>>> print(open('structure.cif').read())   # mmCIF, C-alpha atoms
data_final
#
loop_
_atom_site.label_atom_id
_atom_site.label_comp_id
_atom_site.auth_asym_id
_atom_site.auth_seq_id
_atom_site.Cartn_x
_atom_site.Cartn_y
_atom_site.Cartn_z
CA MET A 23 12.08 -42.39 7.62
CA ARG A 24 10.19 -39.13 7.02
CA LYS A 25 9.45 -37.04 3.98
CA ILE A 26 10.18 -33.35 3.61
CA LEU A 27 8.12 -31.35 1.15
CA PHE A 28 10.19 -29.04 -1.04
CA PHE A 29 8.70 -26.02 -2.78
CA ALA A 30 9.90 -23.31 -5.10
CA ALA A 31 8.83 -19.87 -3.99
CA SER A 32 9.00 -16.22 -4.83
CA ALA A 33 9.82 -13.67 -2.17
CA LEU A 34 6.10 -13.51 -1.37
CA VAL A 35 4.61 -16.98 -0.89
CA SER A 36 0.92 -17.71 -0.83
CA SER A 37 -0.75 -21.11 -0.66
CA HIS A 38 -1.55 -21.30 -4.39
CA LEU A 39 2.04 -20.66 -5.49
CA PHE A 40 3.54 -23.88 -4.14
CA ALA A 41 5.40 -26.00 -6.71
CA GLN A 42 7.22 -29.10 -5.59
CA VAL A 43 10.97 -29.14 -6.21
CA THR A 44 12.95 -32.33 -6.83
CA ILE A 45 15.95 -32.74 -4.56
CA ASN A 46 18.69 -34.64 -6.39
CA ARG A 47 21.86 -36.19 -5.09
CA ASP A 48 25.09 -34.42 -5.93
CA PRO A 49 26.79 -36.93 -8.31
CA GLU A 50 30.19 -36.38 -6.71
CA ILE A 51 28.91 -37.08 -3.18
CA ASP A 52 26.91 -40.00 -4.52
CA GLN A 53 30.03 -41.49 -6.10
CA MET A 54 32.07 -41.06 -2.92
CA VAL A 55 29.49 -42.98 -0.93
CA LYS A 56 29.56 -45.76 -3.53
CA GLU A 57 33.36 -45.96 -3.20
CA ILE A 58 33.20 -47.01 0.46
CA SER A 59 34.44 -50.57 0.66
CA ALA A 60 33.43 -53.13 3.27
CA ASP A 61 36.65 -54.98 2.43
CA SER A 62 38.75 -51.91 3.16
CA LEU A 63 37.00 -51.37 6.47
CA GLN A 64 37.58 -55.00 7.39
CA SER A 65 41.27 -54.78 6.51
CA TYR A 66 41.72 -51.69 8.69
CA ILE A 67 40.07 -53.37 11.66
CA TYR A 68 42.06 -56.60 11.37
CA LYS A 69 45.26 -54.56 11.18
CA MET A 70 44.35 -52.58 14.30
CA VAL A 71 43.49 -55.80 16.14
CA SER A 72 46.91 -57.20 15.15
CA PHE A 73 48.64 -54.73 17.47
CA GLY A 74 47.44 -56.86 20.39
CA THR A 75 46.36 -53.97 22.58
CA ARG A 76 45.79 -50.30 21.88
CA ASN A 77 45.30 -49.33 25.51
CA THR A 78 46.41 -45.73 25.95
CA LEU A 79 48.84 -46.81 28.69
CA SER A 80 50.40 -49.56 26.55
CA THR A 81 53.87 -49.49 25.05
CA GLN A 82 54.85 -46.73 22.64
CA SER A 83 58.27 -48.14 21.78
CA ASN A 84 57.42 -51.59 20.40
CA PRO A 85 57.14 -51.38 16.58
CA ASN A 86 54.54 -54.15 16.39
CA ARG A 87 52.46 -53.90 19.54
CA GLY A 88 50.63 -51.27 21.57
CA ILE A 89 49.20 -47.81 21.06
CA GLY A 90 52.47 -46.43 19.70
CA ALA A 91 52.63 -48.95 16.84
CA ALA A 92 48.93 -48.44 16.11
CA ARG A 93 49.35 -44.65 15.92
CA ASN A 94 52.32 -44.99 13.57
CA TRP A 95 50.34 -47.30 11.29
CA VAL A 96 47.38 -44.90 11.12
CA LEU A 97 49.81 -42.10 10.30
CA SER A 98 51.30 -44.23 7.52
CA ARG A 99 47.84 -44.78 6.04
CA PHE A 100 47.08 -41.05 6.13
CA ASN A 101 50.41 -40.32 4.45
CA GLU A 102 49.63 -42.89 1.76
CA PHE A 103 46.27 -41.23 1.10
CA ALA A 104 48.05 -37.85 0.95
CA LYS A 105 49.78 -38.91 -2.26
CA GLN A 106 46.47 -38.63 -4.13
CA SER A 107 45.51 -35.24 -2.66
CA ASN A 108 47.70 -32.87 -4.72
CA GLY A 109 49.41 -31.75 -1.55
CA ARG A 110 46.22 -30.84 0.30
CA LEU A 111 46.29 -33.67 2.88
CA THR A 112 48.94 -33.51 5.59
CA ALA A 113 49.18 -35.68 8.69
CA PHE A 114 51.04 -35.81 11.99
CA ILE A 115 50.74 -37.15 15.53
CA ASP A 116 49.71 -34.32 17.84
CA THR A 117 51.10 -35.03 21.31
CA THR A 118 50.85 -33.68 24.81
CA THR A 119 52.26 -34.90 28.11
CA LEU A 120 49.83 -35.60 30.93
CA GLN A 121 50.53 -36.07 34.60
CA PRO A 122 49.08 -39.14 36.38
CA ASP A 123 45.62 -38.62 37.83
CA LYS A 124 45.86 -41.67 40.14
CA ARG A 125 42.57 -42.94 38.71
CA ARG A 126 42.92 -43.95 35.06
CA VAL A 127 46.43 -42.69 34.38
CA ASP A 128 49.01 -44.00 36.83
CA SER A 129 52.23 -42.65 35.30
CA LEU A 130 53.50 -39.82 33.11
CA LEU A 131 51.71 -40.22 29.76
CA LEU A 132 52.64 -39.06 26.26
CA LEU A 133 49.20 -38.75 24.69
CA GLY A 134 48.94 -38.67 20.89
CA ASN A 135 46.16 -38.02 18.39
CA VAL A 136 46.73 -38.93 14.74
CA VAL A 137 45.49 -35.93 12.76
CA ALA A 138 45.10 -35.61 8.98
CA THR A 139 44.02 -32.24 7.59
CA LEU A 140 42.50 -31.97 4.11
CA LYS A 141 42.94 -28.29 3.39
CA GLY A 142 40.01 -26.49 1.82
CA THR A 143 40.44 -25.00 -1.63
CA ASP A 144 38.86 -21.62 -0.85
CA PRO A 145 41.47 -19.41 0.86
CA ASN A 146 38.68 -17.24 2.27
CA ASP A 147 36.80 -20.18 3.81
CA ASN A 148 38.07 -20.97 7.31
CA ARG A 149 35.35 -23.50 8.18
CA ILE A 150 36.46 -26.82 9.65
CA PHE A 151 34.59 -30.12 9.80
CA ILE A 152 35.95 -32.97 11.92
CA ILE A 153 35.42 -36.72 11.41
CA SER A 154 36.63 -38.52 14.52
CA GLY A 155 37.02 -41.94 16.13
CA HIS A 156 39.12 -43.19 19.03
CA LEU A 157 42.06 -45.48 18.41
CA ASP A 158 42.52 -46.69 21.99
CA ASN A 159 40.62 -49.57 23.58
CA MET A 160 40.40 -51.55 26.81
CA ARG A 161 39.80 -54.93 28.40
CA THR A 162 37.60 -55.36 31.47
CA SER A 163 40.14 -53.26 33.39
CA VAL A 164 41.03 -49.93 31.80
CA MET A 165 44.40 -50.14 33.54
CA ASN A 166 45.41 -53.42 31.88
CA ARG A 167 48.01 -52.30 29.36
CA ILE A 168 49.69 -55.68 28.89
CA ASP A 169 47.17 -58.31 27.77
CA ASP A 170 45.43 -58.52 24.40
CA ALA A 171 42.42 -56.30 23.82
CA PRO A 172 41.11 -56.58 20.23
CA GLY A 173 38.93 -53.45 20.24
CA ALA A 174 37.46 -54.35 16.85
CA ASN A 175 34.19 -52.48 17.32
CA ASP A 176 35.08 -50.16 20.22
CA ASP A 177 36.45 -48.29 18.53
CA GLY A 178 38.18 -50.02 15.66
CA SER A 179 34.95 -49.48 13.72
CA GLY A 180 34.97 -45.71 14.22
CA SER A 181 38.68 -45.44 13.44
CA ALA A 182 38.15 -47.53 10.31
CA ALA A 183 35.36 -45.18 9.24
CA VAL A 184 37.71 -42.21 9.70
CA LEU A 185 40.39 -43.91 7.60
CA GLU A 186 37.97 -44.83 4.83
CA CYS A 187 36.56 -41.30 4.69
CA ALA A 188 40.11 -39.96 4.44
CA ARG A 189 40.97 -42.42 1.67
CA ILE A 190 38.01 -41.38 -0.43
CA MET A 191 37.70 -37.67 0.36
CA SER A 192 41.43 -36.99 -0.16
CA LYS A 193 40.85 -37.52 -3.89
CA HIS A 194 38.28 -34.73 -3.98
CA SER A 195 38.27 -30.98 -3.37
CA PHE A 196 36.13 -29.07 -0.88
CA PRO A 197 36.05 -25.34 -0.20
CA ALA A 198 36.15 -25.96 3.56
CA THR A 199 38.76 -27.92 5.51
CA VAL A 200 38.11 -31.46 6.75
CA ILE A 201 40.10 -32.93 9.64
CA PHE A 202 40.25 -36.70 10.11
CA VAL A 203 41.42 -37.75 13.56
CA THR A 204 41.86 -40.91 15.60
CA VAL A 205 42.24 -39.80 19.20
CA SER A 206 43.80 -41.61 22.14
CA GLY A 207 42.72 -41.67 25.76
CA GLU A 208 38.97 -41.99 25.25
CA GLU A 209 38.74 -44.89 27.68
CA GLN A 210 40.90 -42.97 30.16
CA GLY A 211 38.38 -40.13 30.25
CA LEU A 212 38.11 -38.44 26.82
CA LEU A 213 41.68 -37.24 27.11
CA GLY A 214 42.57 -36.96 23.43
CA SER A 215 39.37 -35.23 22.36
CA THR A 216 39.56 -32.84 25.33
CA PHE A 217 43.11 -31.93 24.30
CA MET A 218 42.01 -31.29 20.72
CA ALA A 219 38.78 -29.42 21.58
CA ASN A 220 40.58 -27.16 24.06
CA LYS A 221 43.29 -26.47 21.48
CA ALA A 222 40.62 -25.60 18.90
CA LYS A 223 38.97 -23.16 21.29
CA ARG A 224 42.27 -21.60 22.30
CA GLU A 225 43.31 -21.11 18.67
CA ASN A 226 39.84 -19.95 17.51
CA TRP A 227 39.20 -22.72 15.00
CA ASN A 228 35.97 -22.15 13.10
CA ILE A 229 34.54 -25.66 13.61
CA GLU A 230 31.04 -25.97 12.16
CA GLY A 231 30.53 -29.68 12.78
CA VAL A 232 32.10 -32.68 14.53
CA LEU A 233 31.01 -36.23 13.69
CA ASN A 234 32.22 -38.61 16.40
CA ASN A 235 32.10 -42.25 15.30
CA ASP A 236 32.18 -44.65 18.23
CA ILE A 237 30.96 -48.28 18.36
CA MET A 238 29.26 -48.42 14.96
CA GLY A 239 29.88 -51.86 13.48
CA SER A 240 27.78 -54.42 15.36
CA ASP A 241 24.30 -55.25 14.10
CA ASN A 242 23.06 -57.17 17.17
CA SER A 243 22.51 -56.65 20.87
CA SER A 244 23.44 -58.68 23.91
CA GLU A 245 20.64 -60.19 26.06
CA THR A 246 17.79 -59.44 23.63
CA LYS A 247 19.57 -60.73 20.47
CA ILE A 248 17.91 -58.05 18.36
CA ILE A 249 19.46 -57.80 14.88
CA ASP A 250 19.23 -54.38 13.27
CA ASN A 251 21.45 -53.47 10.32
CA THR A 252 19.25 -50.76 8.78
CA ARG A 253 19.32 -48.12 11.53
CA ILE A 254 22.02 -46.09 13.24
CA ARG A 255 21.71 -43.64 16.11
CA VAL A 256 22.88 -40.03 16.23
CA PHE A 257 23.03 -38.51 19.71
CA SER A 258 22.84 -34.75 20.15
CA GLU A 259 22.56 -32.12 22.84
CA GLY A 260 19.37 -30.04 22.72
CA LEU A 261 20.53 -27.18 24.91
CA PRO A 262 23.94 -25.53 24.56
CA PHE A 263 26.29 -26.60 27.35
CA TYR A 264 28.60 -23.70 26.53
CA GLU A 265 27.64 -20.39 28.21
CA MET A 266 24.18 -21.69 29.01
CA ASP A 267 23.78 -18.94 31.59
CA LYS A 268 24.04 -16.30 28.86
CA ALA A 269 21.83 -18.12 26.34
CA GLY A 270 19.14 -19.36 28.74
CA LYS A 271 16.87 -16.31 28.66
CA ASN A 272 16.75 -16.21 24.85
CA ILE A 273 16.16 -19.98 24.61
CA ARG A 274 13.25 -19.78 27.02
CA GLN A 275 11.72 -16.71 25.39
CA LEU A 276 11.85 -18.18 21.86
CA GLY A 277 11.14 -21.79 22.82
CA LEU A 278 14.44 -23.14 21.44
CA GLU A 279 14.97 -25.99 23.89
CA ASN A 280 15.24 -28.41 20.96
CA ASP A 281 17.36 -26.27 18.65
CA GLY A 282 20.92 -26.13 19.92
CA LYS A 283 23.84 -26.36 17.49
CA ALA A 284 24.27 -30.09 18.02
CA ARG A 285 20.57 -30.78 17.49
CA GLN A 286 20.62 -28.88 14.20
CA LEU A 287 23.66 -30.88 13.10
CA ALA A 288 21.89 -34.12 14.04
CA ARG A 289 18.87 -33.17 11.91
CA TYR A 290 21.24 -32.46 9.04
CA VAL A 291 23.06 -35.78 9.47
CA LYS A 292 19.73 -37.59 9.38
CA GLU A 293 18.42 -35.85 6.28
CA ILE A 294 21.59 -36.00 4.22
CA GLY A 295 22.68 -39.43 5.44
CA GLU A 296 19.36 -40.92 4.39
CA ARG A 297 19.51 -39.02 1.10
CA TYR A 298 22.80 -40.61 0.02
CA VAL A 299 23.01 -43.97 1.81
CA GLU A 300 20.62 -46.69 0.69
CA ASN A 301 18.77 -48.82 3.23
CA ILE A 302 19.72 -46.84 6.32
CA GLU A 303 17.63 -44.87 8.79
CA VAL A 304 19.39 -42.36 11.00
CA VAL A 305 17.59 -42.40 14.34
CA MET A 306 17.90 -39.20 16.33
CA VAL A 307 18.24 -39.67 20.09
CA TYR A 308 17.57 -36.64 22.27
CA ARG A 309 20.56 -37.08 24.54
CA ASN A 310 24.13 -35.89 24.26
CA ASP A 311 25.14 -39.54 24.63
CA ARG A 312 23.84 -42.85 25.90
CA PHE A 313 22.31 -42.87 29.38
CA LEU A 314 24.90 -41.58 31.91
CA ARG A 315 27.73 -42.24 29.45
CA GLY A 316 30.02 -40.03 27.39
CA GLY A 317 32.00 -39.82 24.16
CA ASP A 318 34.59 -37.78 22.30
CA HIS A 319 32.06 -35.28 20.93
CA SER A 320 31.33 -34.00 24.45
CA PRO A 321 34.48 -31.83 24.85
CA TYR A 322 33.57 -30.05 21.62
CA VAL A 323 30.01 -29.45 22.82
CA GLU A 324 31.41 -28.08 26.07
CA ASN A 325 33.54 -25.63 24.07
CA GLY A 326 30.57 -24.33 22.10
CA TYR A 327 30.90 -26.38 18.91
CA ALA A 328 28.26 -28.45 17.11
CA ALA A 329 29.17 -32.08 17.73
CA VAL A 330 27.25 -35.35 17.64
CA ARG A 331 27.88 -39.04 18.28
CA ILE A 332 27.17 -41.66 15.59
CA THR A 333 26.79 -45.15 17.00
CA GLU A 334 25.15 -48.50 16.23
CA MET A 335 21.49 -49.08 17.02
CA ASN A 336 21.95 -51.82 19.64
CA GLU A 337 25.18 -52.35 21.57
CA ASN A 338 26.40 -55.83 22.45
CA PHE A 339 27.93 -55.64 25.91
CA TYR A 340 29.34 -59.17 25.68
CA HIS A 341 31.78 -57.71 23.16
CA GLN A 342 32.52 -54.37 24.82
CA HIS A 343 35.10 -53.71 27.58
CA GLN A 344 35.52 -57.45 28.08
CA ASP A 345 38.45 -59.82 28.46
CA VAL A 346 38.36 -62.37 25.64
CA ARG A 347 36.92 -65.57 27.13
CA LYS A 348 34.05 -68.03 26.89
CA GLU A 349 31.63 -68.48 29.81
CA ASN A 350 28.39 -70.45 29.92
CA GLY A 351 28.46 -70.83 26.17
CA ILE A 352 28.81 -67.07 25.58
CA GLN A 353 31.84 -65.68 23.73
CA TYR A 354 33.06 -62.47 25.32
CA GLY A 355 35.49 -60.00 23.80
CA ASP A 356 35.55 -57.31 21.12
CA LEU A 357 36.59 -59.61 18.27
CA PRO A 358 36.63 -58.67 14.56
CA GLU A 359 34.32 -61.55 13.59
CA PHE A 360 31.51 -59.81 15.47
CA VAL A 361 31.59 -56.76 13.18
CA ASP A 362 29.05 -56.55 10.35
CA TYR A 363 31.20 -54.92 7.67
CA GLU A 364 28.32 -54.19 5.31
CA TYR A 365 26.51 -52.41 8.13
CA LEU A 366 29.71 -50.50 8.90
CA ARG A 367 29.99 -49.56 5.22
CA LYS A 368 26.58 -47.90 5.35
CA ASN A 369 27.30 -46.18 8.63
CA THR A 370 30.56 -44.82 7.26
CA GLY A 371 28.59 -43.34 4.37
CA VAL A 372 26.57 -41.23 6.77
CA ASN A 373 29.81 -39.30 7.45
CA LEU A 374 30.20 -38.35 3.79
CA ALA A 375 27.46 -35.75 4.01
CA ASN A 376 28.16 -32.68 1.95
CA LEU A 377 28.76 -29.98 4.56
CA ALA A 378 32.36 -29.41 3.48
CA LYS A 379 31.19 -28.91 -0.11
CA ALA A 380 28.25 -26.68 0.84
CA PRO A 381 28.35 -22.90 1.12
CA ALA A 382 28.78 -21.30 4.51
CA MET A 383 25.65 -20.55 6.52
CA PRO A 384 23.55 -17.45 5.72
CA GLN A 385 24.29 -14.43 7.88
CA ASP A 386 22.12 -12.05 9.85
CA VAL A 387 18.97 -14.21 9.65
CA LYS A 388 16.05 -12.31 11.16
CA VAL A 389 12.31 -12.59 11.63
CA GLU A 390 10.34 -9.36 11.67
CA VAL A 391 8.59 -8.66 14.99
CA ARG A 392 7.79 -4.97 14.62
CA ARG A 393 4.09 -5.64 14.17
CA LEU A 394 1.65 -8.43 14.92
CA THR A 395 0.75 -10.49 11.88
CA ASN A 396 -0.23 -14.03 10.96
CA TYR A 397 2.44 -13.97 8.27
CA THR A 398 6.11 -14.66 8.96
CA ILE A 399 8.59 -12.32 7.30
CA LEU A 400 12.19 -13.50 7.14
CA SER A 401 15.32 -11.77 5.85
CA TRP A 402 19.00 -12.69 5.70
CA ALA A 403 22.33 -11.87 4.10
CA ALA A 404 24.54 -13.98 1.85
CA PRO A 405 27.09 -16.28 3.51
CA LYS A 406 30.68 -15.13 3.90
CA THR A 407 31.98 -17.78 1.50
CA GLY A 408 30.68 -20.16 -1.14
CA GLN A 409 28.90 -19.90 -4.47
CA VAL A 410 25.18 -19.66 -3.76
CA LYS A 411 22.40 -20.63 -6.15
CA GLY A 412 19.69 -19.73 -3.64
CA TYR A 413 18.29 -20.46 -0.21
CA ASN A 414 15.97 -22.92 1.46
CA VAL A 415 13.58 -21.57 4.06
CA LEU A 416 12.78 -24.47 6.38
CA MET A 417 9.63 -24.87 8.43
CA ARG A 418 8.36 -27.29 11.06
CA GLU A 419 5.66 -27.42 13.69
CA THR A 420 6.87 -26.76 17.21
CA THR A 421 6.25 -30.40 18.16
CA SER A 422 8.01 -31.87 15.12
CA ALA A 423 11.45 -33.44 15.48
CA PHE A 424 12.36 -32.68 11.86
CA TRP A 425 12.02 -29.95 9.28
CA GLN A 426 8.77 -30.65 7.40
CA LYS A 427 8.83 -28.18 4.49
CA LYS A 428 11.43 -26.31 2.49
CA PHE A 429 10.78 -23.27 0.30
CA PHE A 430 13.48 -22.40 -2.23
CA THR A 431 14.15 -18.83 -3.28
CA THR A 432 16.89 -16.83 -4.98
CA GLN A 433 15.98 -13.78 -2.89
CA THR A 434 17.30 -12.86 0.56
CA ASN A 435 13.86 -12.43 2.11
CA MET A 436 10.57 -14.27 2.18
CA GLN A 437 7.06 -13.74 3.48
CA LEU A 438 5.23 -16.94 4.40
CA PRO A 439 1.51 -17.36 5.16
CA TYR A 440 2.31 -19.24 8.37
CA SER A 441 2.37 -17.78 11.85
CA LYS A 442 5.64 -17.69 13.79
CA ASP A 443 3.51 -18.54 16.82
CA ASN A 444 2.91 -22.03 15.46
CA TYR A 445 6.10 -22.95 13.58
CA PHE A 446 9.86 -22.83 13.74
CA PHE A 447 11.74 -21.45 10.73
CA ALA A 448 15.34 -21.52 9.54
CA VAL A 449 17.35 -20.60 6.44
CA GLN A 450 20.13 -22.52 4.69
CA ALA A 451 22.28 -21.62 1.68
CA VAL A 452 22.29 -23.90 -1.40
CA ASN A 453 24.85 -24.12 -4.20
CA GLU A 454 24.53 -25.19 -7.85
CA THR A 455 24.96 -28.90 -7.09
CA GLY A 456 22.33 -28.83 -4.35
CA ASN A 457 24.69 -28.93 -1.39
CA GLU A 458 23.04 -27.28 1.60
CA SER A 459 24.57 -25.46 4.54
CA LEU A 460 23.53 -26.00 8.11
CA PRO A 461 20.28 -24.17 8.86
CA VAL A 462 20.28 -20.92 10.81
CA LEU A 463 17.34 -20.00 13.03
CA PRO A 464 16.26 -16.36 12.90
CA VAL A 465 16.62 -13.87 15.71
CA PRO A 466 13.99 -11.16 16.27
CA GLY A 467 14.53 -8.17 13.99
CA ARG A 468 12.99 -4.78 14.56
#
>>> encode(input="structure.cif", output="structure tokens")
Amino acid sequence: MRKILFFAASALVSSHLFAQVTINRDPEIDQMVKEISADSLQSYIYKMVSFGTRNTLSTQSNPNRGIGAARNWVLSRFNEFAKQSNGRLTAFIDTTTLQPDKRRVDSLLLLGNVVATLKGTDPNDNRIFIISGHLDNMRTSVMNRIDDAPGANDDGSGSAAVLECARIMSKHSFPATVIFVTVSGEEQGLLGSTFMANKAKRENWNIEGVLNNDIMGSDNSSETKIIDNTRIRVFSEGLPFYEMDKAGKNIRQLGLENDGKARQLARYVKEIGERYVENIEVVMVYRNDRFLRGGDHSPYVENGYAAVRITEMNENFYHQHQDVRKENGIQYGDLPEFVDYEYLRKNTGVNLANLAKAPAMPQDVKVEVRRLTNYTILSWAAPKTGQVKGYNVLMRETTSAFWQKKFFTTQTNMQLPYSKDNYFFAVQAVNETGNESLPVLPVPGR
């Protein structure tokens, strides 16, 4: 854990004007986090396991078994939650037909993502935030569509988190839109998330953040037997994959190798997750995903969106992509009894950060570079949407992983007695209940 210093400030800040500001939890967000139920999460996972297999290639016509039955059940849960949303939550199965690739898909495939959209209350706010998990699973062979594959943790845990967030958030209102989705085809090569991310890009969705929940319910590792139920990892891309050739010169000139969209979202997830969830540390990992591996956030990153992966601290490979069996005294298989439901409850809470309730990001954020000075002069414009109480100006040393100081102001400019040579700065909008937008780094202004 790390501490950020918060200060109130006038438009002109000098060292003797600092006054520490208390950052409080928004009571509504705080209550939502408290509503997360380990029992509910457990019930979702046991129900998903009851379908025998959720392999993407499994039957879609059996009402009690296979990916088709599992999708229909998730849809029924979303529709049940919709009854408490005053008409704002709607759900459907978004399908596409894929040709066989002769590698992980060996026949014509009707791919389906279960999508629930909680419409934002501000008609002028077109921001979208996505909470995602993958419904499909696999045994040792990804092509085995017949035999049982419990998939309790991979990724029953992430899908359960999506369902629980939908259950709770559907009772509340947010200015921005939240999409809850359980995708299919992850094990076949990120098929469902690629379909959705490409659709979003084609239709110009204004996605500001994607939280991909994948393998997040086990508190212990294979081989080393390490037990860790107080930390969770968030993986993020430092450099933008999308149009890197166009952005590369600016990144190099300004030293922004550690400040891509996904990295900023990861910092936000860490700060807000730790603010609202007791006894959890969000550990940032400077990789898009685990070593040489991938997840459903990657297609969003590749389309230019901010997307991160949330996953448990230590994976247990005895219980991942394994046929259920016992060998040499070791139980293999992704069984529901290996999920720590209290740990999953906390990890689910990290998703209930307040981005959808926050104002939009400030616009036109600039740092003055017309003259050489040891001060840093920042200016910005109000966000397009959202009621704004003021703004936080964030600051960190160039070697720091996290924002170290925040200066609050009601103005749209600030002069700080810190050199832009030695620090990174950003600006975020803040509303009356303390909900903060994603930070925006300044561009040179002349």
>>> resolve_selection(input="structure.cif", expression="the PyMOL selection byres ((chain A and resi 363-372) around 9)", output="ChimeraX atom specification")
/A:54-56,58-61,63-64,179-180,182-184,186-187,235,238-241,251-254,291-292,294-296,298-302,304,332-334,361-362,373-375
>>> closest_residue(input="structure.cif", among="A:Glu259, A:Asp345, A:Asp147, A:Glu293", to="A:Ile229", atoms="only C-alpha atoms")
A:Asp147
>>> resolve_selection(input="structure.cif", expression="the PyMOL selection byres ((chain A and resi 148) around 12)", output="list in words")
Lys141, Gly142, Thr143, Asp144, Pro145, Asn146, Asp147, Arg149, Ile150, Phe151, Phe196, Pro197, Ala198, Thr199, Val200, Asn226, Trp227, Asn228, Ile229, Glu230, Ala378, Pro381, Ala382, Lys406, Thr407 and Gly408 of chain A
>>> closest_residue(input="structure.cif", among="A:Val137, A:Ala448, A:Ile45, A:Val205", to="A:Leu416", atoms="all atoms listed in the file")
A:Ala448
>>> residues_around(input="structure.cif", residues="A:Ser244", least_positions_apart="6", cutoff="9 Å", atoms="all atoms listed in the file", output="PyMOL selection string")
chain A and resi 336-341
>>> closest_residue(input="structure.cif", among="A:Asp52, A:Glu303, A:Asp318, A:Glu419", to="A:Ser206", atoms="only C-alpha atoms")
A:Asp318
>>> atom_distance(input="structure.cif", atom1="atom CA of A:Val305", atom2="atom CA of A:Lys283")
17.5 Å
>>> resolve_selection(input="structure.cif", expression="the PyMOL selection byres ((chain A and resi 85-88) around 9)", output="ChimeraX atom specification")
/A:72-84,89-94,167-168
>>> atom_distance(input="structure.cif", atom1="atom CA of A:Lys247", atom2="atom CA of A:Gly317")
24.6 Å
>>> atom_distance(input="structure.cif", atom1="atom CA of A:Phe430", atom2="atom CA of A:Gly412")
6.9 Å
>>> closest_residue(input="structure.cif", among="A:Ser320, A:Asn414, A:Ser258, A:Asn108", to="A:Glu208", atoms="only C-alpha atoms")
A:Ser320
>>> build_atoms(input="structure.cif", residues="stretch 245-256 of chain A", atoms="N, CA, C and O atoms", output="JSON list (two decimals), in the frame of the given file")
[["chain", "number", "residue", "atom", "x", "y", "z"],
["A", 245, "GLU", "N", 21.88, -59.87, 25.34],
["A", 245, "GLU", "CA", 20.64, -60.19, 26.06],
["A", 245, "GLU", "C", 19.45, -60.39, 25.13],
["A", 245, "GLU", "O", 18.91, -61.49, 25.03],
["A", 246, "THR", "N", 19.02, -59.34, 24.42],
["A", 246, "THR", "CA", 17.79, -59.44, 23.63],
["A", 246, "THR", "C", 17.99, -60.07, 22.26],
["A", 246, "THR", "O", 17.02, -60.47, 21.62],
["A", 247, "LYS", "N", 19.23, -60.12, 21.77],
["A", 247, "LYS", "CA", 19.57, -60.73, 20.47],
["A", 247, "LYS", "C", 18.91, -60.04, 19.29],
["A", 247, "LYS", "O", 18.72, -60.64, 18.23],
["A", 248, "ILE", "N", 18.52, -58.80, 19.46],
["A", 248, "ILE", "CA", 17.91, -58.05, 18.36],
["A", 248, "ILE", "C", 18.95, -57.80, 17.28],
["A", 248, "ILE", "O", 20.06, -57.36, 17.56],
["A", 249, "ILE", "N", 18.58, -58.09, 16.02],
["A", 249, "ILE", "CA", 19.46, -57.80, 14.88],
["A", 249, "ILE", "C", 18.88, -56.61, 14.13],
["A", 249, "ILE", "O", 17.72, -56.61, 13.74],
["A", 250, "ASP", "N", 19.69, -55.59, 13.94],
["A", 250, "ASP", "CA", 19.23, -54.38, 13.27],
["A", 250, "ASP", "C", 20.39, -53.79, 12.48],
["A", 250, "ASP", "O", 21.29, -53.16, 13.04],
["A", 251, "ASN", "N", 20.38, -54.00, 11.17],
["A", 251, "ASN", "CA", 21.45, -53.47, 10.32],
["A", 251, "ASN", "C", 20.94, -52.42, 9.33],
["A", 251, "ASN", "O", 21.56, -52.17, 8.31],
["A", 252, "THR", "N", 19.81, -51.81, 9.65],
["A", 252, "THR", "CA", 19.25, -50.76, 8.78],
["A", 252, "THR", "C", 19.06, -49.44, 9.52],
["A", 252, "THR", "O", 18.54, -48.50, 8.95],
["A", 253, "ARG", "N", 19.46, -49.37, 10.78],
["A", 253, "ARG", "CA", 19.32, -48.12, 11.53],
["A", 253, "ARG", "C", 20.60, -47.84, 12.31],
["A", 253, "ARG", "O", 21.31, -48.74, 12.73],
["A", 254, "ILE", "N", 20.88, -46.55, 12.45],
["A", 254, "ILE", "CA", 22.02, -46.09, 13.24],
["A", 254, "ILE", "C", 21.57, -44.88, 14.04],
["A", 254, "ILE", "O", 20.74, -44.09, 13.58],
["A", 255, "ARG", "N", 22.11, -44.75, 15.25],
["A", 255, "ARG", "CA", 21.71, -43.64, 16.11],
["A", 255, "ARG", "C", 22.65, -42.45, 15.97],
["A", 255, "ARG", "O", 23.85, -42.60, 15.76],
["A", 256, "VAL", "N", 22.08, -41.24, 16.10],
["A", 256, "VAL", "CA", 22.88, -40.03, 16.23],
["A", 256, "VAL", "C", 22.40, -39.32, 17.50],
["A", 256, "VAL", "O", 21.23, -38.99, 17.64]]
